[in-house]
$ cat my_file11.txt   # compact mmCIF, C-alpha atoms
# COMPACT_ATOMS: atom_id res chain seq x y z
CA MET A 1 0.00 0.00 0.00
CA THR A 2 1.43 3.35 -0.95
CA LEU A 3 1.88 6.26 1.41
CA GLU A 4 -0.89 8.16 -0.32
CA LEU A 5 -3.45 5.41 0.33
CA VAL A 6 -2.45 5.14 3.99
CA LEU A 7 -2.91 8.89 4.43
CA PHE A 8 -6.23 8.75 2.56
CA TYR A 9 -7.71 6.05 4.79
CA LEU A 10 -6.41 7.73 7.94
CA ALA A 11 -7.97 11.08 6.98
CA SER A 12 -11.21 9.27 6.00
CA ALA A 13 -11.36 7.62 9.43
CA VAL A 14 -10.84 11.00 11.10
CA ALA A 15 -13.56 12.59 8.94
CA VAL A 16 -16.13 9.84 9.64
CA PHE A 17 -15.36 9.74 13.37
CA ALA A 18 -15.54 13.53 13.73
CA THR A 19 -18.84 13.64 11.78
CA LEU A 20 -20.26 10.90 13.99
CA MET A 21 -19.26 12.89 17.08
CA THR A 22 -20.80 16.03 15.56
CA ILE A 23 -24.27 14.58 15.21
CA THR A 24 -24.25 12.95 18.65
CA ARG A 25 -23.08 15.84 20.87
CA HIS A 26 -25.58 17.53 23.17
CA ASN A 27 -23.75 20.85 23.30
CA ALA A 28 -23.72 22.95 20.13
CA ALA A 29 -20.23 24.39 20.76
CA HIS A 30 -18.74 20.90 21.23
CA ALA A 31 -20.43 19.69 18.05
CA LEU A 32 -19.00 22.71 16.21
CA LEU A 33 -15.46 21.78 17.26
CA TYR A 34 -15.88 18.27 15.86
CA LEU A 35 -17.49 19.65 12.69
CA ILE A 36 -14.44 21.87 12.09
CA VAL A 37 -12.15 18.84 12.55
CA SER A 38 -14.28 16.94 10.04
CA LEU A 39 -13.98 19.77 7.50
CA LEU A 40 -10.21 19.93 7.98
CA ALA A 41 -9.99 16.16 7.42
CA VAL A 42 -11.95 16.53 4.19
CA ALA A 43 -9.55 19.32 3.15
CA VAL A 44 -6.64 16.87 3.57
CA LEU A 45 -8.60 14.38 1.45
CA TYR A 46 -8.98 17.00 -1.30
CA TYR A 47 -5.24 17.54 -1.29
CA LEU A 48 -4.66 13.79 -1.58
CA LEU A 49 -7.14 13.62 -4.46
CA GLY A 50 -5.06 16.15 -6.40
CA ALA A 51 -7.14 19.27 -5.77
CA PRO A 52 -4.99 21.61 -3.64
CA PHE A 53 -7.01 24.67 -4.66
CA ALA A 54 -10.22 23.09 -3.41
CA ALA A 55 -8.43 22.08 -0.20
CA GLY A 56 -7.47 25.72 0.39
CA LEU A 57 -11.02 26.88 -0.31
CA GLU A 58 -12.37 24.26 2.08
CA VAL A 59 -10.19 25.53 4.92
CA ILE A 60 -10.73 29.23 4.19
CA ILE A 61 -14.45 29.29 3.42
CA TYR A 62 -15.95 26.23 5.16
CA ALA A 63 -13.77 25.86 8.26
CA GLY A 64 -13.19 29.62 8.37
CA ALA A 65 -16.07 31.79 7.23
CA ILE A 66 -19.11 29.51 7.52
CA MET A 67 -18.10 28.11 10.91
CA VAL A 68 -17.54 31.66 12.19
CA LEU A 69 -21.18 32.36 11.30
CA PHE A 70 -22.23 29.35 13.38
CA VAL A 71 -20.08 30.54 16.30
CA PHE A 72 -21.64 34.01 16.10
CA VAL A 73 -25.17 32.64 16.22
CA ILE A 74 -24.44 30.20 19.05
CA MET A 75 -22.90 33.04 21.05
CA MET A 76 -25.82 35.38 20.28
CA LEU A 77 -28.33 32.80 21.48
CA ASN A 78 -26.61 32.29 24.83
CA GLN A 79 -27.17 35.55 26.65
CA GLY A 80 -27.94 35.89 30.33
CA ASN A 81 -26.48 35.11 33.72
CA LYS A 82 -25.63 31.50 33.10
CA THR A 83 -23.26 32.45 30.29
CA VAL A 84 -20.18 32.66 32.50
CA GLN A 85 -20.74 29.23 33.94
CA GLN A 86 -21.42 27.89 30.46
CA GLU A 87 -18.19 29.39 29.14
CA ARG A 88 -16.27 27.79 31.97
CA GLN A 89 -17.86 24.46 31.16
CA TRP A 90 -17.10 24.81 27.43
CA LEU A 91 -13.47 25.69 28.08
CA SER A 92 -12.89 22.72 30.41
CA LEU A 93 -9.83 20.67 29.56
CA GLY A 94 -11.68 17.43 28.88
CA MET A 95 -13.54 19.02 26.00
CA TRP A 96 -10.41 19.75 24.02
CA ILE A 97 -8.86 16.29 24.14
CA GLY A 98 -11.02 14.65 21.44
CA PRO A 99 -10.78 17.33 18.73
CA GLY A 100 -7.16 18.00 19.73
CA ILE A 101 -6.09 14.41 19.10
CA LEU A 102 -7.92 14.31 15.77
CA CYS A 103 -6.30 17.59 14.73
CA LEU A 104 -2.91 16.21 15.74
CA VAL A 105 -3.45 13.22 13.42
CA LEU A 106 -4.27 15.58 10.56
CA PHE A 107 -1.27 17.77 11.39
CA VAL A 108 1.07 14.77 11.24
CA GLU A 109 -0.49 13.84 7.89
CA VAL A 110 0.13 17.32 6.48
CA LEU A 111 3.72 17.27 7.75
CA THR A 112 4.23 13.89 6.08
CA LEU A 113 2.76 15.24 2.85
CA LEU A 114 4.94 18.34 2.89
CA GLY A 115 8.04 16.32 3.74
CA SER A 116 7.57 13.76 0.97
CA SER A 117 5.98 15.80 -1.79
CA GLY A 118 8.52 14.52 -4.28
CA GLN A 119 7.87 10.87 -3.52
CA LEU A 120 4.12 10.86 -4.14
CA ALA A 121 4.51 9.75 -7.74
CA GLY A 122 0.84 8.82 -8.09
CA LEU A 123 -0.34 12.29 -7.13
CA GLU A 124 -1.41 14.18 -10.24
CA VAL A 125 -2.71 17.66 -9.60
CA VAL A 126 -5.42 19.71 -11.29
CA SER A 127 -3.90 23.13 -10.72
CA ALA A 128 -5.67 26.35 -9.80
CA LYS A 129 -4.74 27.72 -13.23
CA ASP A 130 -6.73 25.01 -15.03
CA VAL A 131 -9.68 25.61 -12.71
CA GLY A 132 -9.57 29.36 -13.36
CA ILE A 133 -9.40 28.96 -17.13
CA ARG A 134 -12.39 26.60 -17.13
CA LEU A 135 -14.29 28.68 -14.58
CA PHE A 136 -14.13 31.96 -16.51
CA GLY A 137 -14.50 30.28 -19.89
CA PRO A 138 -17.29 27.72 -20.36
CA TYR A 139 -18.65 28.18 -16.82
CA LEU A 140 -19.01 31.98 -16.93
CA LEU A 141 -22.79 31.79 -16.73
CA ALA A 142 -22.53 29.63 -13.60
CA VAL A 143 -20.28 32.26 -12.00
CA GLU A 144 -22.88 34.93 -12.73
CA LEU A 145 -25.63 32.75 -11.27
CA ALA A 146 -23.53 32.11 -8.16
CA SER A 147 -23.00 35.84 -7.71
CA MET A 148 -26.74 36.44 -7.97
CA LEU A 149 -27.36 33.65 -5.45
CA LEU A 150 -24.93 35.26 -3.00
CA MET A 151 -26.65 38.63 -3.50
CA VAL A 152 -30.03 37.06 -2.79
CA GLY A 153 -28.60 35.33 0.28
CA LEU A 154 -27.18 38.64 1.54
CA VAL A 155 -30.43 40.55 1.08
CA GLY A 156 -32.46 37.69 2.55
CA ALA A 157 -30.24 37.38 5.62
CA TYR A 158 -30.39 41.14 6.16
CA HIS A 159 -34.16 41.18 5.83
CA LEU A 160 -34.69 38.22 8.16
CA GLY A 161 -32.10 39.33 10.70
CA ARG A 162 -33.46 42.83 11.27
CA PRO A 163 -34.84 43.64 14.74
CA LEU A 164 -38.58 43.26 15.22
CA ARG A 165 -40.51 46.49 14.73
CA ASP A 166 -42.62 47.84 17.61
CA LYS A 167 -45.86 46.92 15.88
CA GLU A 168 -44.77 43.33 15.34
CA GLN A 169 -43.63 43.06 18.93
CA VAL A 170 -47.05 44.24 20.13
CA ASN A 171 -48.68 41.65 17.89
CA GLU A 172 -46.41 38.93 19.26
CA ARG A 173 -47.25 39.94 22.83
CA GLU A 174 -50.96 39.87 22.06
CA LYS A 175 -50.57 36.42 20.57
CA ASP A 176 -48.64 35.24 23.63
CA SER A 177 -51.30 36.57 25.99
CA GLU A 178 -53.99 34.85 23.89
CA VAL A 179 -52.10 31.61 24.17
CA ALA A 180 -51.71 32.14 27.92
CA GLN A 181 -55.45 32.73 28.31
CA MET B 1 -5.50 9.54 -12.26
CA THR B 2 -4.37 9.43 -8.66
CA GLY B 3 -3.67 6.31 -6.64
CA VAL B 4 -6.87 6.49 -4.61
CA PRO B 5 -9.56 4.18 -6.02
CA ILE B 6 -12.68 6.07 -7.05
CA GLU B 7 -14.97 3.55 -5.33
CA HIS B 8 -13.47 4.32 -1.95
CA GLY B 9 -13.78 8.07 -2.44
CA LEU B 10 -17.43 7.73 -3.46
CA LEU B 11 -18.06 5.29 -0.60
CA LEU B 12 -16.70 7.84 1.87
CA ALA B 13 -18.85 10.58 0.32
CA THR B 14 -21.93 8.33 0.63
CA LEU B 15 -21.08 7.55 4.24
CA LEU B 16 -20.67 11.22 5.16
CA PHE B 17 -23.89 12.11 3.32
CA SER B 18 -25.77 9.36 5.18
CA LEU B 19 -24.44 10.61 8.52
CA GLY B 20 -25.59 14.14 7.65
CA LEU B 21 -29.02 12.86 6.62
CA LEU B 22 -29.23 10.89 9.87
CA GLY B 23 -28.45 14.07 11.77
CA VAL B 24 -31.19 16.00 9.95
CA LEU B 25 -33.71 13.24 10.67
CA VAL B 26 -32.79 12.55 14.29
CA ARG B 27 -31.88 15.91 15.82
CA ARG B 28 -34.63 18.40 16.69
CA ASN B 29 -32.39 21.34 17.59
CA ILE B 30 -32.34 23.62 14.55
CA ILE B 31 -28.63 24.47 14.95
CA PHE B 32 -27.78 20.77 14.71
CA VAL B 33 -30.02 20.37 11.69
CA LEU B 34 -28.14 23.19 9.94
CA MET B 35 -24.80 21.61 10.86
CA SER B 36 -25.97 18.27 9.44
CA MET B 37 -26.94 20.02 6.22
CA GLU B 38 -23.41 21.43 6.04
CA ILE B 39 -22.10 17.87 6.39
CA MET B 40 -24.32 16.80 3.49
CA PHE B 41 -23.11 19.69 1.27
CA ASN B 42 -19.57 18.73 2.16
CA ALA B 43 -20.15 15.10 1.18
CA VAL B 44 -21.53 16.19 -2.19
CA GLY B 45 -18.43 18.34 -2.73
CA LEU B 46 -16.23 15.36 -1.91
CA ALA B 47 -18.05 13.27 -4.52
CA PHE B 48 -17.48 15.99 -7.15
CA ILE B 49 -13.77 16.28 -6.30
CA THR B 50 -13.39 12.49 -6.44
CA GLY B 51 -14.94 12.43 -9.90
CA GLY B 52 -12.78 15.32 -11.05
CA SER B 53 -9.64 13.59 -9.82
CA ARG B 54 -10.61 10.32 -11.55
CA TRP B 55 -10.74 11.95 -14.98
CA MET B 56 -8.21 14.71 -14.20
CA GLN B 57 -10.60 17.46 -15.21
CA ALA B 58 -11.13 20.83 -13.55
CA ASP B 59 -14.93 20.53 -13.72
CA GLY B 60 -15.11 18.67 -10.40
CA GLN B 61 -13.44 21.52 -8.56
CA ILE B 62 -15.67 24.08 -10.32
CA MET B 63 -18.79 22.22 -9.20
CA PHE B 64 -17.30 22.08 -5.70
CA MET B 65 -16.94 25.87 -5.75
CA LEU B 66 -20.57 26.25 -6.79
CA VAL B 67 -21.62 23.92 -3.95
CA LEU B 68 -19.52 26.09 -1.62
CA THR B 69 -21.36 29.21 -2.79
CA LEU B 70 -24.69 27.48 -2.27
CA ALA B 71 -23.68 26.38 1.23
CA ALA B 72 -22.61 29.91 2.15
CA ALA B 73 -25.90 31.44 0.96
CA GLU B 74 -27.92 28.68 2.62
CA VAL B 75 -26.20 29.05 5.97
CA ALA B 76 -26.58 32.86 5.97
CA VAL B 77 -30.34 32.68 5.37
CA GLY B 78 -30.71 29.65 7.66
CA LEU B 79 -28.98 31.28 10.60
CA ALA B 80 -31.01 34.48 10.14
CA LEU B 81 -34.11 32.26 10.33
CA VAL B 82 -32.72 30.68 13.52
CA LEU B 83 -32.38 34.12 15.10
CA GLN B 84 -35.98 35.00 14.12
CA LEU B 85 -37.20 31.67 15.49
CA TYR B 86 -35.44 32.29 18.78
CA LYS B 87 -36.75 35.86 19.00
CA ARG B 88 -40.35 34.84 18.42
CA PHE B 89 -40.62 31.48 20.18
CA LYS B 90 -37.73 31.58 22.68
CA THR B 91 -36.72 28.06 21.73
CA LEU B 92 -34.60 26.23 19.16
CA ASP B 93 -36.93 23.24 18.93
CA LEU B 94 -38.02 22.57 15.34
CA ASP B 95 -41.25 20.85 16.39
CA VAL B 96 -42.56 24.18 17.70
CA LEU B 97 -42.90 25.26 14.08
CA SER B 98 -45.52 22.61 13.31
CA LYS B 99 -48.41 25.05 13.71
CA LEU B 100 -49.40 24.70 10.06
CA LYS B 101 -49.63 20.92 10.36
CA GLY B 102 -53.08 19.65 9.50
$ encode --input "my_file11.txt" --output "structure tokens"
Amino acid sequence: MTLELVLFYLASAVAVFATLMTITRHNAAHALLYLIVSLLAVAVLYYLLGAPFAAGLEVIIYAGAIMVLFVFVIMMLNQGNKTVQQERQWLSLGMWIGPGILCLVLFVEVLTLLGSSGQLAGLEVVSAKDVGIRLFGPYLLAVELASMLLMVGLVGAYHLGRPLRDKEQVNEREKDSEVAQ
Amino acid sequence: MTGVPIEHGLLLATLLFSLGLLGVLVRRNIIFVLMSMEIMFNAVGLAFITGGSRWMQADGQIMFMLVLTLAAAEVAVGLALVLQLYKRFKTLDLDVLSKLKG
């Protein structure tokens, strides 16, 4: 078995285990940690599959930007007096061991990859240049559609995330009191 | 073509997708449902990249980037909906939203 295959199966095991932990945690912050580990493992898989550009995008956009959104929302939903105690509980040492070990495995994999980049003879790469040429050639319409989708997402998120107006709040209170009666 | 067999890559993508689907079906906290949907998007992206690496074409990575865009837009709107849900109902339980159920 070549080095590449060993690394592939190791990263796959990390990804599956971290995903399994994600969907079984009770605490949203703990699940988020495992989800980030899972995304990093998939990024290593992309690199092994000869797509380094996609691996970079996975780390920057998925594990970076999208997960930051999740963190923001989880933090916004946890206001109040119990927050301090909750923070203490989230930062307890035991919580970090699982994701830490999985990250360490991935780190060793990346070090191995960087150290032996010349020896991976089977690794053929689709470079970022090829992707860019295809993307802004035949796929130009898809790029435009994606930009429109992002615009719609932006406007939609802004519209939905705005604070409730006074009138709506009154209506909500009336509804609540009706339910209470 | 790289050394990794395509069957194993697709098998892994299927496994991850099934785990995400399981999460959507089993969990009732809306944050976890959104996370499981991210897992499913990710699995689809992995399948595209595997296909692209099998035939050494850039199309797989381009489709992955489109999936990435879709995931970003979906999560922005989804999390805004979560905030509205929490503001109005003071809970993250999805079953509260079954008021329209016949």
$ interface_residues --input "my_file11.txt" --of "chain A" --to "chain B" --cutoff "8 Å" --atoms "all atoms listed in the file" --output "count of residues only"
48
$ atom_distance --input "my_file11.txt" --atom1 "CA of Met21 (chain A)" --atom2 "CA of Val68 (chain A)"
19.5 Å
$ atom_distance --input "my_file11.txt" --atom1 "CA of Ala41 (chain A)" --atom2 "CA of Val14 (chain A)"
6.4 Å
$ atom_distance --input "my_file11.txt" --atom1 "CA of Thr22 (chain A)" --atom2 "CA of Leu25 (chain B)"
14.1 Å
$ residues_near_point --input "my_file11.txt" --point "(-3.7, 15.9, 1.0)" --cutoff "8 Å" --atoms "all atoms listed in the file" --output "VMD selection string"
chain A and resid 7 to 8 43 to 50 52 55 109 to 110 113
$ decode --input "my_file11.txt" --residues "region 21-99 of chain B" --atoms "C-alpha atoms" --output "PDB file, in the first residue's frame"
ATOM      1  CA  LEU B  21     -29.024  12.857   6.621  1.00  0.00           C
ATOM      2  CA  LEU B  22     -29.225  10.886   9.873  1.00  0.00           C
ATOM      3  CA  GLY B  23     -28.448  14.071  11.770  1.00  0.00           C
ATOM      4  CA  VAL B  24     -31.192  15.998   9.946  1.00  0.00           C
ATOM      5  CA  LEU B  25     -33.712  13.237  10.673  1.00  0.00           C
ATOM      6  CA  VAL B  26     -32.788  12.551  14.287  1.00  0.00           C
ATOM      7  CA  ARG B  27     -31.882  15.906  15.825  1.00  0.00           C
ATOM      8  CA  ARG B  28     -34.634  18.399  16.689  1.00  0.00           C
ATOM      9  CA  ASN B  29     -32.387  21.343  17.589  1.00  0.00           C
ATOM     10  CA  ILE B  30     -32.341  23.624  14.547  1.00  0.00           C
ATOM     11  CA  ILE B  31     -28.630  24.466  14.951  1.00  0.00           C
ATOM     12  CA  PHE B  32     -27.778  20.765  14.708  1.00  0.00           C
ATOM     13  CA  VAL B  33     -30.024  20.370  11.688  1.00  0.00           C
ATOM     14  CA  LEU B  34     -28.142  23.193   9.937  1.00  0.00           C
ATOM     15  CA  MET B  35     -24.802  21.608  10.859  1.00  0.00           C
ATOM     16  CA  SER B  36     -25.967  18.271   9.443  1.00  0.00           C
ATOM     17  CA  MET B  37     -26.939  20.024   6.224  1.00  0.00           C
ATOM     18  CA  GLU B  38     -23.408  21.428   6.042  1.00  0.00           C
ATOM     19  CA  ILE B  39     -22.104  17.866   6.391  1.00  0.00           C
ATOM     20  CA  MET B  40     -24.318  16.801   3.489  1.00  0.00           C
ATOM     21  CA  PHE B  41     -23.111  19.689   1.272  1.00  0.00           C
ATOM     22  CA  ASN B  42     -19.572  18.731   2.163  1.00  0.00           C
ATOM     23  CA  ALA B  43     -20.149  15.099   1.182  1.00  0.00           C
ATOM     24  CA  VAL B  44     -21.527  16.188  -2.193  1.00  0.00           C
ATOM     25  CA  GLY B  45     -18.434  18.337  -2.728  1.00  0.00           C
ATOM     26  CA  LEU B  46     -16.230  15.356  -1.913  1.00  0.00           C
ATOM     27  CA  ALA B  47     -18.055  13.269  -4.516  1.00  0.00           C
ATOM     28  CA  PHE B  48     -17.479  15.994  -7.150  1.00  0.00           C
ATOM     29  CA  ILE B  49     -13.773  16.279  -6.298  1.00  0.00           C
ATOM     30  CA  THR B  50     -13.389  12.495  -6.443  1.00  0.00           C
ATOM     31  CA  GLY B  51     -14.937  12.429  -9.903  1.00  0.00           C
ATOM     32  CA  GLY B  52     -12.780  15.322 -11.050  1.00  0.00           C
ATOM     33  CA  SER B  53      -9.640  13.586  -9.823  1.00  0.00           C
ATOM     34  CA  ARG B  54     -10.609  10.316 -11.546  1.00  0.00           C
ATOM     35  CA  TRP B  55     -10.743  11.951 -14.984  1.00  0.00           C
ATOM     36  CA  MET B  56      -8.207  14.715 -14.203  1.00  0.00           C
ATOM     37  CA  GLN B  57     -10.602  17.458 -15.214  1.00  0.00           C
ATOM     38  CA  ALA B  58     -11.129  20.835 -13.550  1.00  0.00           C
ATOM     39  CA  ASP B  59     -14.931  20.528 -13.717  1.00  0.00           C
ATOM     40  CA  GLY B  60     -15.114  18.673 -10.401  1.00  0.00           C
ATOM     41  CA  GLN B  61     -13.439  21.523  -8.560  1.00  0.00           C
ATOM     42  CA  ILE B  62     -15.668  24.075 -10.316  1.00  0.00           C
ATOM     43  CA  MET B  63     -18.793  22.218  -9.204  1.00  0.00           C
ATOM     44  CA  PHE B  64     -17.296  22.083  -5.701  1.00  0.00           C
ATOM     45  CA  MET B  65     -16.936  25.874  -5.747  1.00  0.00           C
ATOM     46  CA  LEU B  66     -20.570  26.255  -6.785  1.00  0.00           C
ATOM     47  CA  VAL B  67     -21.616  23.921  -3.954  1.00  0.00           C
ATOM     48  CA  LEU B  68     -19.518  26.086  -1.624  1.00  0.00           C
ATOM     49  CA  THR B  69     -21.364  29.207  -2.789  1.00  0.00           C
ATOM     50  CA  LEU B  70     -24.688  27.477  -2.274  1.00  0.00           C
ATOM     51  CA  ALA B  71     -23.684  26.382   1.233  1.00  0.00           C
ATOM     52  CA  ALA B  72     -22.613  29.906   2.152  1.00  0.00           C
ATOM     53  CA  ALA B  73     -25.896  31.443   0.960  1.00  0.00           C
ATOM     54  CA  GLU B  74     -27.919  28.683   2.623  1.00  0.00           C
ATOM     55  CA  VAL B  75     -26.201  29.052   5.972  1.00  0.00           C
ATOM     56  CA  ALA B  76     -26.577  32.858   5.970  1.00  0.00           C
ATOM     57  CA  VAL B  77     -30.340  32.682   5.372  1.00  0.00           C
ATOM     58  CA  GLY B  78     -30.712  29.652   7.659  1.00  0.00           C
ATOM     59  CA  LEU B  79     -28.985  31.283  10.605  1.00  0.00           C
ATOM     60  CA  ALA B  80     -31.010  34.482  10.141  1.00  0.00           C
ATOM     61  CA  LEU B  81     -34.112  32.257  10.334  1.00  0.00           C
ATOM     62  CA  VAL B  82     -32.716  30.677  13.516  1.00  0.00           C
ATOM     63  CA  LEU B  83     -32.385  34.119  15.096  1.00  0.00           C
ATOM     64  CA  GLN B  84     -35.975  35.004  14.125  1.00  0.00           C
ATOM     65  CA  LEU B  85     -37.202  31.675  15.490  1.00  0.00           C
ATOM     66  CA  TYR B  86     -35.436  32.292  18.777  1.00  0.00           C
ATOM     67  CA  LYS B  87     -36.751  35.864  18.997  1.00  0.00           C
ATOM     68  CA  ARG B  88     -40.353  34.838  18.424  1.00  0.00           C
ATOM     69  CA  PHE B  89     -40.622  31.477  20.177  1.00  0.00           C
ATOM     70  CA  LYS B  90     -37.727  31.578  22.685  1.00  0.00           C
ATOM     71  CA  THR B  91     -36.724  28.061  21.726  1.00  0.00           C
ATOM     72  CA  LEU B  92     -34.601  26.229  19.162  1.00  0.00           C
ATOM     73  CA  ASP B  93     -36.925  23.237  18.926  1.00  0.00           C
ATOM     74  CA  LEU B  94     -38.019  22.570  15.337  1.00  0.00           C
ATOM     75  CA  ASP B  95     -41.247  20.853  16.385  1.00  0.00           C
ATOM     76  CA  VAL B  96     -42.565  24.181  17.702  1.00  0.00           C
ATOM     77  CA  LEU B  97     -42.903  25.257  14.075  1.00  0.00           C
ATOM     78  CA  SER B  98     -45.524  22.607  13.307  1.00  0.00           C
ATOM     79  CA  LYS B  99     -48.412  25.051  13.707  1.00  0.00           C
TER      80      LYS B  99
END
